[in-house]
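Content type TSV, C-alpha atoms, from the file work30.tsv:
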chain	number	residue	atom	x	y	z
A	1	SER	CA	92.03	63.50	142.26
A	2	GLN	CA	95.61	63.22	141.00
A	3	GLN	CA	96.72	59.65	140.38
A	4	GLY	CA	100.18	60.26	138.95
A	5	GLU	CA	102.71	62.38	140.79
A	6	GLU	CA	105.75	63.57	138.87
A	7	ASP	CA	109.11	64.14	140.43
A	8	PRO	CA	110.89	66.50	140.37
A	9	GLN	CA	108.47	69.41	140.01
A	10	ALA	CA	111.12	71.35	138.12
A	11	LEU	CA	114.39	70.42	136.45
A	12	SER	CA	117.03	72.69	134.94
A	13	ILE	CA	119.84	71.26	132.79
A	14	GLN	CA	122.24	72.24	130.03
A	15	GLU	CA	121.88	71.26	126.39
A	16	GLY	CA	123.39	67.88	125.73
A	17	GLU	CA	122.68	66.53	129.21
A	18	ASN	CA	120.12	63.82	129.94
A	19	ALA	CA	116.88	64.59	131.75
A	20	THR	CA	115.06	62.05	133.90
A	21	MET	CA	111.55	62.52	135.22
A	22	ASN	CA	109.67	60.13	137.44
A	23	CYS	CA	106.00	59.37	137.90
A	24	SER	CA	104.43	57.46	140.77
A	25	TYR	CA	100.84	56.29	140.91
A	26	LYS	CA	98.58	54.55	143.38
A	27	THR	CA	96.33	52.00	141.72
A	28	SER	CA	96.54	49.22	139.14
A	29	ILE	CA	96.72	50.54	135.62
A	30	ASN	CA	96.10	49.43	132.05
A	31	ASN	CA	98.66	51.80	130.65
A	32	LEU	CA	100.68	54.91	131.36
A	33	GLN	CA	101.27	57.75	128.94
A	34	TRP	CA	103.66	60.68	128.82
A	35	TYR	CA	102.74	64.03	127.31
A	36	ARG	CA	104.61	67.27	126.69
A	37	GLN	CA	103.12	70.75	126.91
A	38	ASN	CA	104.82	73.86	125.66
A	39	SER	CA	103.90	76.99	127.57
A	40	GLY	CA	100.13	77.28	127.75
A	41	ARG	CA	99.43	75.19	124.68
A	42	GLY	CA	97.84	71.82	124.03
A	43	LEU	CA	99.49	68.59	125.10
A	44	VAL	CA	101.46	66.42	122.69
A	45	HIS	CA	101.52	62.68	123.16
A	46	LEU	CA	105.01	61.20	123.55
A	47	ILE	CA	104.75	57.54	124.51
A	48	LEU	CA	102.18	55.01	125.73
A	49	ILE	CA	103.43	52.03	127.69
A	50	ARG	CA	101.11	49.18	128.62
A	51	SER	CA	101.08	47.47	132.00
A	52	ASN	CA	102.69	44.32	130.58
A	53	GLU	CA	105.60	46.29	129.09
A	54	ARG	CA	108.72	47.27	130.98
A	55	GLU	CA	110.51	49.61	128.60
A	56	LYS	CA	109.79	51.55	125.46
A	57	HIS	CA	111.85	53.80	123.21
A	58	SER	CA	110.98	56.54	120.79
A	59	GLY	CA	113.85	58.53	119.31
A	60	ARG	CA	115.65	60.23	122.19
A	61	LEU	CA	112.95	59.16	124.66
A	62	ARG	CA	113.08	56.11	126.88
A	63	VAL	CA	110.24	55.17	129.20
A	64	THR	CA	110.34	52.48	131.85
A	65	LEU	CA	107.47	51.08	133.86
A	66	ASP	CA	107.72	49.19	137.14
A	67	THR	CA	104.24	48.03	138.11
A	68	SER	CA	105.49	46.45	141.35
A	69	LYS	CA	106.69	49.87	142.51
A	70	LYS	CA	103.87	51.69	140.73
A	71	SER	CA	106.32	54.01	139.05
A	72	SER	CA	107.53	55.09	135.64
A	73	SER	CA	110.41	57.17	134.41
A	74	LEU	CA	110.93	59.25	131.28
A	75	LEU	CA	114.48	59.74	130.09
A	76	ILE	CA	115.29	62.34	127.45
A	77	THR	CA	118.81	61.88	126.14
A	78	ALA	CA	121.00	64.63	124.68
A	79	SER	CA	118.52	67.36	125.60
A	80	ARG	CA	117.98	70.37	123.37
A	81	ALA	CA	116.65	73.82	124.14
A	82	ALA	CA	113.52	72.84	122.20
A	83	ASP	CA	112.80	70.17	124.85
A	84	THR	CA	111.97	72.95	127.30
A	85	ALA	CA	108.38	72.20	128.30
A	86	SER	CA	106.22	70.65	131.00
A	87	TYR	CA	105.99	66.88	131.00
A	88	PHE	CA	102.98	65.00	132.33
A	89	CYS	CA	102.32	61.37	133.03
A	90	ALA	CA	98.78	60.08	132.69
A	91	THR	CA	97.46	56.78	133.97
A	92	GLY	CA	94.62	54.68	132.66
A	93	GLU	CA	93.27	52.92	135.72
A	94	GLN	CA	92.09	49.33	135.55
A	95	GLY	CA	88.35	49.00	135.87
A	96	TYR	CA	87.72	52.64	135.11
A	97	SER	CA	87.37	54.50	131.86
A	98	THR	CA	89.48	57.39	133.02
A	99	LEU	CA	92.81	59.00	132.23
A	100	THR	CA	94.29	60.85	135.18
A	101	PHE	CA	97.10	63.34	134.81
A	102	GLY	CA	99.79	64.27	137.27
A	103	LYS	CA	100.81	67.86	137.95
A	104	GLY	CA	103.84	67.68	135.71
A	105	THR	CA	107.55	68.34	135.68
A	106	MET	CA	108.77	71.65	134.25
A	107	LEU	CA	111.97	71.06	132.28
A	108	LEU	CA	114.24	73.95	131.35
A	109	VAL	CA	117.07	73.20	128.95
A	110	SER	CA	119.58	76.03	128.67
A	111	PRO	CA	121.76	76.50	125.58
B	1	LYS	CA	94.67	64.87	108.62
B	2	ALA	CA	93.86	68.12	110.31
B	3	GLY	CA	94.43	68.21	114.04
B	4	VAL	CA	91.99	68.95	116.81
B	5	THR	CA	90.68	72.49	116.61
B	6	GLN	CA	89.12	74.55	119.36
B	7	THR	CA	87.23	77.81	119.14
B	8	PRO	CA	87.47	80.42	120.36
B	9	ARG	CA	91.11	80.52	121.45
B	10	TYR	CA	90.62	83.29	123.98
B	11	LEU	CA	87.57	84.46	125.82
B	12	ILE	CA	86.85	87.08	128.46
B	13	LYS	CA	83.61	86.88	130.38
B	14	THR	CA	82.19	88.35	133.57
B	15	ARG	CA	80.84	86.52	136.59
B	16	GLY	CA	77.35	85.16	136.11
B	17	GLN	CA	77.57	84.89	132.35
B	18	GLN	CA	77.63	81.64	130.47
B	19	VAL	CA	80.04	80.42	127.82
B	20	THR	CA	80.12	77.78	125.09
B	21	LEU	CA	83.36	76.30	123.83
B	22	SER	CA	83.68	74.24	120.68
B	23	CYS	CA	85.92	71.36	119.69
B	24	SER	CA	86.33	69.63	116.34
B	25	PRO	CA	88.12	66.29	116.66
B	26	ILE	CA	90.40	64.60	114.19
B	27	SER	CA	88.38	63.07	111.38
B	28	GLY	CA	87.32	59.54	112.31
B	29	HIS	CA	87.82	60.00	116.04
B	30	ARG	CA	84.67	59.24	117.98
B	31	SER	CA	85.87	59.95	121.51
B	32	VAL	CA	86.13	63.56	122.67
B	33	SER	CA	87.26	64.50	126.15
B	34	TRP	CA	87.42	67.83	127.91
B	35	TYR	CA	89.90	68.94	130.57
B	36	GLN	CA	90.29	72.03	132.71
B	37	GLN	CA	93.84	73.15	133.44
B	38	THR	CA	94.69	75.63	136.18
B	39	PRO	CA	98.01	76.37	137.91
B	40	GLY	CA	96.64	75.21	141.25
B	41	GLN	CA	94.73	72.06	140.32
B	42	GLY	CA	96.57	70.99	137.20
B	43	LEU	CA	94.75	69.02	134.52
B	44	GLN	CA	91.35	67.86	135.64
B	45	PHE	CA	89.01	65.68	133.64
B	46	LEU	CA	85.61	67.17	132.87
B	47	PHE	CA	83.84	64.62	130.69
B	48	GLU	CA	84.16	62.27	127.76
B	49	TYR	CA	81.74	61.85	124.89
B	50	PHE	CA	81.58	58.92	122.53
B	51	SER	CA	79.08	58.61	119.69
B	52	GLU	CA	76.98	61.47	121.08
B	53	THR	CA	76.74	59.91	124.56
B	54	GLN	CA	78.47	61.10	127.70
B	55	ARG	CA	80.49	58.12	128.76
B	56	ASN	CA	82.40	59.53	131.73
B	57	LYS	CA	82.16	62.56	133.93
B	58	GLY	CA	84.64	64.13	136.29
B	59	ASN	CA	83.97	65.74	139.62
B	60	PHE	CA	82.64	69.11	138.48
B	61	PRO	CA	79.40	70.87	139.37
B	62	GLY	CA	76.37	70.71	137.13
B	63	ARG	CA	77.20	74.17	135.76
B	64	PHE	CA	79.59	72.34	133.47
B	65	SER	CA	77.87	70.46	130.70
B	66	GLY	CA	78.63	69.24	127.24
B	67	ARG	CA	77.33	67.49	124.20
B	68	GLN	CA	78.53	65.79	121.09
B	69	PHE	CA	77.00	65.99	117.66
B	70	SER	CA	76.63	63.27	115.05
B	71	ASN	CA	79.77	64.50	113.27
B	72	SER	CA	81.70	64.03	116.56
B	73	ARG	CA	82.14	67.75	117.10
B	74	SER	CA	81.65	68.64	120.73
B	75	GLU	CA	80.69	71.65	122.75
B	76	MET	CA	81.00	72.36	126.42
B	77	ASN	CA	78.99	74.93	128.28
B	78	VAL	CA	79.65	76.62	131.58
B	79	SER	CA	76.75	78.51	133.10
B	80	THR	CA	76.81	81.11	135.86
B	81	LEU	CA	80.53	81.68	135.54
B	82	GLU	CA	82.65	82.09	138.66
B	83	LEU	CA	86.09	83.64	138.99
B	84	GLY	CA	87.51	80.19	139.68
B	85	ASP	CA	86.41	79.01	136.24
B	86	SER	CA	89.26	80.99	134.70
B	87	ALA	CA	91.40	78.31	133.12
B	88	LEU	CA	92.72	76.74	129.96
B	89	TYR	CA	90.09	74.34	128.62
B	90	LEU	CA	91.54	71.54	126.57
B	91	CYS	CA	89.77	69.19	124.26
B	92	ALA	CA	91.25	65.87	123.16
B	93	SER	CA	90.11	63.24	120.71
B	94	SER	CA	90.92	59.60	120.15
B	95	LEU	CA	89.68	56.79	117.97
B	96	GLN	CA	87.93	54.70	120.55
B	97	GLY	CA	88.42	55.83	124.10
B	98	ILE	CA	89.97	57.86	126.80
B	99	GLN	CA	92.77	55.47	127.70
B	100	GLU	CA	94.12	55.49	124.16
B	101	THR	CA	96.54	58.09	122.82
B	102	GLN	CA	94.85	61.46	123.17
B	103	TYR	CA	95.29	64.16	120.54
B	104	PHE	CA	94.87	67.56	122.11
B	105	GLY	CA	93.71	70.82	120.65
B	106	PRO	CA	95.45	74.12	121.43
B	107	GLY	CA	92.92	74.98	124.12
B	108	THR	CA	90.59	77.86	124.90
B	109	ARG	CA	91.85	80.28	127.51
B	110	LEU	CA	88.92	81.62	129.52
B	111	LEU	CA	89.26	84.60	131.80
B	112	VAL	CA	86.36	85.41	134.11
B	113	LEU	CA	86.32	88.93	135.55
Represent the structure contained in this file as structure tokens.
Amino acid sequence: SQQGEEDPQALSIQEGENATMNCSYKTSINNLQWYRQNSGRGLVHLILIRSNEREKHSGRLRVTLDTSKKSSSLLITASRAADTASYFCATGEQGYSTLTFGKGTMLLVSP
Amino acid sequence: KAGVTQTPRYLIKTRGQQVTLSCSPISGHRSVSWYQQTPGQGLQFLFEYFSETQRNKGNFPGRFSGRQFSNSRSEMNVSTLELGDSALYLCASSLQGIQETQYFGPGTRLLVL
């Protein structure tokens, strides 16, 4: 079953704009990860944020985690056409050795 | 280090046949996981192997099986293929476990006719 649910399902922006994607989940987690997938290819890991962390940065990426609301957001600043991809959150549930992916947000960045 | 490799990249089979997919993890990674990705169901976890032992299994029928060899390479097998098995099958490896950063291969796209 899907643990993480991304919102929105699809997002279309212009180059240079910021893109924000959200992920909500249902149970207690050890960590939450974000991945990117370019059309029909393998996933690429972006960021892992642990349950005791609130914010993490990597280049143009900023991830926040609110465990009280069971939600996370991924912010991509100054988007580029090359950022066009699907973005997935994945949660590592506490007490289980599993990693559960959401259905993803499709991001389209137009030049 | 070389990334995760999967073979074959594309496969066409007919209903009732069986198929074996192969995955070579990043050198030194002992955990290998398999996922099925379809437009309708998204990414679904199949199983995880660690040091030749299946450590976790998703909610898939027994037609889906796998194994891991002593060099950490893994194979998954699907017997008696059904049309609904058409999907992108992704393999991922990590150093110690499934909740760590996963390094994915490019996937094997299986089409069942």
Counting all atoms listed in the file, which residue out of B:Leu11, B:Cys23, B:Val32, B:Ala2 sits closest to B:Ser94? B:Val32
Cut-off 7 Å: closest stretch 3-105 of chain B/stretch 22-46 of chain A atom pairs per residue, using all atoms listed in the file, as a tab-separated table:
residue	atom	partner	partner_atom	distance
B:Leu90	CA	A:Gly42	CA	6.8
B:Thr101	CA	A:His45	CA	6.8
B:Gln102	CA	A:His45	CA	6.8
B:Tyr103	CA	A:Val44	CA	6.9
B:Phe104	CA	A:Gly42	CA	5.5
B:Gly105	CA	A:Gly42	CA	5.4
Select, as a ChimeraX atom specification, those residues of chain B with any atom no more than 10 Å from chain A (distances computed using all atoms listed in the file). /B:4,33,37,39-45,47-48,55-59,88-92,97-109
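Between atom CA of A:Ser72 and atom CA of A:Gln9 the separation is 15.0 Å.
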Show me the residues close to (85.8, 60.2, 119.4) - anything with an atom within 7 Å, counting only C-alpha atoms - and format the list as a VMD selection string. chain B and resid 29 to 32 50 to 51 72 93 to 97
